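Everything on this sheet refers to the single structure shown next.
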Amino acid sequence: MHNAFENCLRDLERGAPAFSLRNGKKGLEKENLRVTGDGQIAQTPHPHAWGSALTHPYLTTDYSEALPEQITPPFAELQQTVNFLDDVQKFMYQTLGDNELLWAASMPCAVSDDESIPIARYGDSNIGRMKHIYRVGLDYRYGRKMQAIAGVHFNYSVPDSFWQACIANQDPVSIRRAKDDAYFALIRNFKRWGWIVPYLFGASPAVCKSFLAGRTTRYKSLTRGTYFLPHATSLRMSDIGYKNKSQSALAISYDDLASYVHTLNQAIRTPYPEYEVIGTRDGENYLQLSTNVLQIENEYYSFIRPKRSALPGERPTTALLARGVEYVEVRALDLNMLRPAGVDLSQLRFIEAFLLYCLLRQSPPLGANELKELEYNELTVALRGRQQGLELMHRGRRRSLQRWGLEIADGMASICAHLDDETGSNCYTDSLLEQRAVFEDPQQAPSADIIRQLEQTELPFHNFAMRLSEQYREHYLKEPLPAAVLRDFEALAEKSLVEFAGLQGADEVSFEHYLSDYLTQSPSAADSDFVI
């Protein structure tokens, strides 16, 4: 199958492709902590004016009641995606109380203890209770501080025109499986080279003293109450963030869809002694959904994962096996605290092109030794990616990060040129050139810029992030939504509240029965019954 993609790549390099790459669908999911005017994590409920976090399609909560998540629909044009995200944030600020704002940084500040981070609540319906209990379980397993870290997820689906050109004239079953295999080839290559995302776009090189809670030994003091690592890019993606030690032994396979689902479900069904000690209940109160390695699929942290829109009550792995991979979710992006939206359009264009590069390149299976190298590379780049002369692991040998990155950038040139031809601009090539400059000079990375600004202002990280957060609130309030768009968002909020109310007391089975049915779904049974 991948020979066809190599032919596509050669056609691109010759400037004679018989397909389009332009209309791949792009969506964003972005989190921000909601904080008070003095930078403390808000203790108030999810604002009523925003609608129901359980049923609103574009405005929900992630782990905490104070961690709103903004979701865009998928658009063919990235500018539309970013515009929609801007509109959501304008709506949030137009309906948010005067004493609250959205925290600009990925890493939280002023965290006195775990109890200062309120766990999200979703009402008394079975699905609402399950979502809350899952988060309670995350607290017992990992603590709330890690869960309060905010980030950006970039969702991408390959354009239909590409599939039509590369895997046409096959029966529906073969087309479905060819797409799944291609997405997993993309994922494997992203895992190989995905370290470039925190290197280029990491924006969390420093943290508040309160977040570290005394674990400051390896860190250096930068400004009052602020610790950092001199060459760090993304502490969010390090071992104080999402590099979770209890999941490091998981052997999730990316060979193909069936292997991925099988190994993920093994983790969901395998007891874990430390979680068995916690138990699932304390009297009538649930402590976690299960005592297994993973409660549900969402608990597995990865740079990237395959996704498929699920039906109500359907597990993600069931949806994947039933209908195939729909898109990939890139989870390695920090909030860009130097931009009001938390994202940068040029950076997103680079990631789109990079995903296509991962799709079109040869992608052999990932062996155990290579997976260890990838773990090393990800953590090394997060902690010291900007270190002069840094080397990563590649096939058992050391390799210069700089030369490797420039080689990847060179390989992306034909993809960016083709996307530019289709859009009638130079925006993708310009984005590529911007990132090439970061490989040539790490001091041009956002993480280096943040350190410079902290040094120049001599502000504690808390004050620095608060100043940016206040500036961005003014930015969004300065240009409010047009009246018609505001009415649309208000109507969405009201509709979500009506739907939420309709779910309360409407369940026909007990929560225990609902949870048992959900956790014992057999995804493998759906494999022979998929829908194209």
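Going by the structure tokens order, chains are called A, B, ..., each with residues numbered from 1, while ligands are numbered from 1 in the order shown.
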Original post:
Near Lys478 (chain A), within 12 Å and counting only C-alpha atoms, which residues show up once chain neighbours fewer than 3 positions away are dropped, as JSON, numbers by chain?
Top reply: {"A": [90, 93, 94, 471, 472, 473, 474, 475, 481]}
File dump, residues just selected, C-alpha atoms, as a compact mmCIF listing (two decimals), in the first residue's frame:
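That gives us selection-v9.txt:
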```txt
# COMPACT_ATOMS: atom_id res chain seq x y z
CA LYS A 90 -14.91 36.44 22.36
CA TYR A 93 -15.17 36.95 27.59
CA GLN A 94 -18.39 38.79 26.74
CA GLN A 471 -3.85 41.93 27.78
CA TYR A 472 -5.65 39.13 25.97
CA ARG A 473 -8.89 39.81 27.83
CA GLU A 474 -8.72 43.40 26.62
CA HIS A 475 -7.88 42.17 23.12
CA LEU A 481 -18.86 39.53 18.47
```
Per residue of region 355-459 of chain A within 9 Å of region 253-274 of chain A, note the shortest atom pair and the distance in Å to one decimal, counting only C-alpha atoms, and order the rows by chain and increasing residue number, as JSON lines.
```
{"residue": "A:Pro364", "atom": "CA", "partner": "A:Asp255", "partner_atom": "CA", "distance": 8.4}
{"residue": "A:Pro365", "atom": "CA", "partner": "A:Asp255", "partner_atom": "CA", "distance": 5.6}
{"residue": "A:Leu366", "atom": "CA", "partner": "A:Asp255", "partner_atom": "CA", "distance": 7.2}
```
Residues of the last selection are to be written out with N, CA and C atoms, as a PDB file, in the first residue's frame.
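What landed in out-v1.pdb:
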```pdb
ATOM      1  N   PRO A 364       7.901   1.754   8.717  1.00  0.00           N
ATOM      2  CA  PRO A 364       7.934   0.371   9.217  1.00  0.00           C
ATOM      3  C   PRO A 364       7.395   0.291  10.636  1.00  0.00           C
ATOM      4  N   PRO A 365       7.104  -0.932  11.099  1.00  0.00           N
ATOM      5  CA  PRO A 365       6.610  -1.091  12.474  1.00  0.00           C
ATOM      6  C   PRO A 365       7.618  -0.568  13.495  1.00  0.00           C
ATOM      7  N   LEU A 366       7.094  -0.207  14.667  1.00  0.00           N
ATOM      8  CA  LEU A 366       7.927   0.287  15.754  1.00  0.00           C
ATOM      9  C   LEU A 366       8.301  -0.869  16.679  1.00  0.00           C
TER      10      LEU A 366
END
```
Original post:
Could you pull out the helix (DSSP H, G or I) residues of region 24-160 of chain A from DSSP and send them as a ChimeraX atom specification?
Top reply: /A:48-50,78-94,114-116,126-142,144-147,160
Original post:
Any idea what's packed within 9 Å of Tyr518 (chain A), counting only C-alpha atoms, ignoring anything in its chain fewer than 6 positions away? Could you give it as a list in words?
Top reply: Gly313, Glu314 and Arg315 of chain A
Selected residues, all heavy atoms, written as a PDB file, in the first residue's frame, please.
```pdb
ATOM      1  N   GLY A 313     -22.793   6.646  24.231  1.00  0.00           N
ATOM      2  CA  GLY A 313     -22.567   5.407  24.964  1.00  0.00           C
ATOM      3  C   GLY A 313     -21.572   4.463  24.332  1.00  0.00           C
ATOM      4  O   GLY A 313     -21.334   3.369  24.859  1.00  0.00           O
ATOM      5  N   GLU A 314     -20.964   4.853  23.235  1.00  0.00           N
ATOM      6  CA  GLU A 314     -20.035   3.986  22.519  1.00  0.00           C
ATOM      7  C   GLU A 314     -18.602   4.287  22.936  1.00  0.00           C
ATOM      8  O   GLU A 314     -18.186   5.444  22.974  1.00  0.00           O
ATOM      9  CB  GLU A 314     -20.189   4.200  21.005  1.00  0.00           C
ATOM     10  CG  GLU A 314     -19.365   3.259  20.150  1.00  0.00           C
ATOM     11  CD  GLU A 314     -19.582   3.521  18.659  1.00  0.00           C
ATOM     12  OE1 GLU A 314     -19.671   4.705  18.272  1.00  0.00           O
ATOM     13  OE2 GLU A 314     -19.650   2.543  17.902  1.00  0.00           O
ATOM     14  N   ARG A 315     -17.844   3.249  23.259  1.00  0.00           N
ATOM     15  CA  ARG A 315     -16.445   3.446  23.606  1.00  0.00           C
ATOM     16  C   ARG A 315     -15.632   3.847  22.376  1.00  0.00           C
ATOM     17  O   ARG A 315     -15.949   3.433  21.250  1.00  0.00           O
ATOM     18  CB  ARG A 315     -15.868   2.166  24.216  1.00  0.00           C
ATOM     19  CG  ARG A 315     -16.238   1.950  25.667  1.00  0.00           C
ATOM     20  CD  ARG A 315     -15.671   0.666  26.207  1.00  0.00           C
ATOM     21  NE  ARG A 315     -14.249   0.536  25.902  1.00  0.00           N
ATOM     22  CZ  ARG A 315     -13.555  -0.595  26.066  1.00  0.00           C
ATOM     23  NH1 ARG A 315     -14.167  -1.684  26.515  1.00  0.00           N
ATOM     24  NH2 ARG A 315     -12.276  -0.630  25.786  1.00  0.00           N
TER      25      ARG A 315
END
```
**OP:** With a distance cut-off of 10 Å and only C-alpha atoms, select the neighbouring residues of Pro442 (chain A), excluding the residue or stretch itself and same-chain residues fewer than 3 positions from it, and output the selection as a ChimeraX atom specification.
**Re:** /A:199-200,231,233,385-388,402,435,437-439,445-449
Write the residues you've just listed into a file as a PDB file, in the first residue's frame, and include C-alpha atoms for each of them.
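Okay, this is what ended up in again_14.pdb:
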```
ATOM      1  CA  TYR A 199      11.225  21.749  19.998  1.00  0.00           C
ATOM      2  CA  LEU A 200       9.665  24.259  17.612  1.00  0.00           C
ATOM      3  CA  HIS A 231      17.369  24.785  27.593  1.00  0.00           C
ATOM      4  CA  THR A 233      11.172  23.735  25.569  1.00  0.00           C
ATOM      5  CA  GLY A 385      15.866  20.719  23.460  1.00  0.00           C
ATOM      6  CA  ARG A 386      17.676  24.036  22.909  1.00  0.00           C
ATOM      7  CA  GLN A 387      21.011  22.820  24.261  1.00  0.00           C
ATOM      8  CA  GLN A 388      23.844  23.564  21.821  1.00  0.00           C
ATOM      9  CA  GLN A 402      19.824  20.243  14.290  1.00  0.00           C
ATOM     10  CA  GLN A 435      10.789  26.828  11.412  1.00  0.00           C
ATOM     11  CA  ALA A 437      15.349  29.261  11.152  1.00  0.00           C
ATOM     12  CA  VAL A 438      14.539  27.779  14.580  1.00  0.00           C
ATOM     13  CA  PHE A 439      16.544  24.648  13.753  1.00  0.00           C
ATOM     14  CA  ALA A 445      12.092  29.272  19.519  1.00  0.00           C
ATOM     15  CA  PRO A 446       9.091  30.510  21.554  1.00  0.00           C
ATOM     16  CA  SER A 447      10.526  28.847  24.670  1.00  0.00           C
ATOM     17  CA  ALA A 448      13.706  30.950  24.331  1.00  0.00           C
ATOM     18  CA  ASP A 449      11.633  34.097  23.766  1.00  0.00           C
TER      19      ASP A 449
END
```
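Here the DSSP assignment of strand (DSSP E), based on backbone atoms, applies within region 95-266 of chain A to A:Glu100, A:Leu101, A:Leu102, A:Gly151, A:Val152, A:His153, A:Phe154, A:Asn155, A:Tyr156, A:Ser157, A:Ala206, A:Val207, A:Cys208, A:Lys220, A:Ser221, A:Thr226, A:Tyr227, A:Phe228.
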Env of region 301-304 of chain A: 6 Å cut, atoms = only C-alpha atoms, seq-sep filter 3 positions within chain, self excluded. Answer as a JSON list (two decimals) with all heavy atoms, in the first residue's frame.
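Written file, selection_29.json:
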```
[["chain", "number", "residue", "atom", "x", "y", "z"],
["A", 329, "GLU", "N", -5.43, 12.98, 16.22],
["A", 329, "GLU", "CA", -5.43, 14.06, 17.21],
["A", 329, "GLU", "C", -4.00, 14.25, 17.70],
["A", 329, "GLU", "O", -3.44, 13.37, 18.36],
["A", 329, "GLU", "CB", -6.35, 13.69, 18.37],
["A", 329, "GLU", "CG", -6.40, 14.73, 19.48],
["A", 329, "GLU", "CD", -7.18, 14.25, 20.69],
["A", 329, "GLU", "OE1", -6.95, 13.10, 21.13],
["A", 329, "GLU", "OE2", -8.03, 15.00, 21.18],
["A", 330, "VAL", "N", -3.42, 15.39, 17.38],
["A", 330, "VAL", "CA", -2.06, 15.74, 17.84],
["A", 330, "VAL", "C", -2.19, 16.44, 19.18],
["A", 330, "VAL", "O", -2.87, 17.46, 19.30],
["A", 330, "VAL", "CB", -1.35, 16.64, 16.82],
["A", 330, "VAL", "CG1", 0.01, 17.09, 17.34],
["A", 330, "VAL", "CG2", -1.18, 15.91, 15.48],
["A", 331, "ARG", "N", -1.50, 15.90, 20.21],
["A", 331, "ARG", "CA", -1.72, 16.35, 21.58],
["A", 331, "ARG", "C", -0.47, 16.99, 22.19],
["A", 331, "ARG", "O", -0.39, 17.18, 23.40],
["A", 331, "ARG", "CB", -2.14, 15.15, 22.44],
["A", 331, "ARG", "CG", -3.41, 14.48, 21.94],
["A", 331, "ARG", "CD", -3.57, 13.06, 22.45],
["A", 331, "ARG", "NE", -3.48, 12.95, 23.88],
["A", 331, "ARG", "CZ", -4.47, 13.21, 24.73],
["A", 331, "ARG", "NH1", -5.64, 13.62, 24.26],
["A", 331, "ARG", "NH2", -4.30, 13.06, 26.02],
["A", 332, "ALA", "N", 0.52, 17.32, 21.35],
["A", 332, "ALA", "CA", 1.83, 17.75, 21.85],
["A", 332, "ALA", "C", 2.02, 19.27, 21.91],
["A", 332, "ALA", "O", 3.11, 19.74, 22.19],
["A", 332, "ALA", "CB", 2.93, 17.14, 20.98]]
```
**OP:** Can you work out the spacing between CA of Ser204 (chain A) and CA of Ser234 (chain A) in Å, to one decimal?
**Re:** 4.6 Å
Proximity of region 107-213 of chain A to region 31-40 of chain A: per-residue shortest pair, 7 Å limit, only C-alpha atoms, as CSV:
```
residue,atom,partner,partner_atom,distance
A:Ala110,CA,A:Gln40,CA,5.7
A:Ala150,CA,A:Glu31,CA,5.2
A:Gly151,CA,A:Glu31,CA,5.7
A:Val152,CA,A:Glu31,CA,6.5
```
Subject >> Option closest in space to Gln70 (chain A), from A:Ala506, A:Ile149, A:Ala341, A:Val485 [counting only C-alpha atoms] >> reply: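 Of all the options, A:Ala341 lies closest to Gln70 (chain A).
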Subject >> Shortest interatomic distance to Pro159 (chain A) - which of A:Pro312, A:Gly24, A:Gly424, A:Gly324, counting only C-alpha atoms >> reply: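 Using only C-alpha atoms, Pro159 (chain A) sits closest to A:Gly24.
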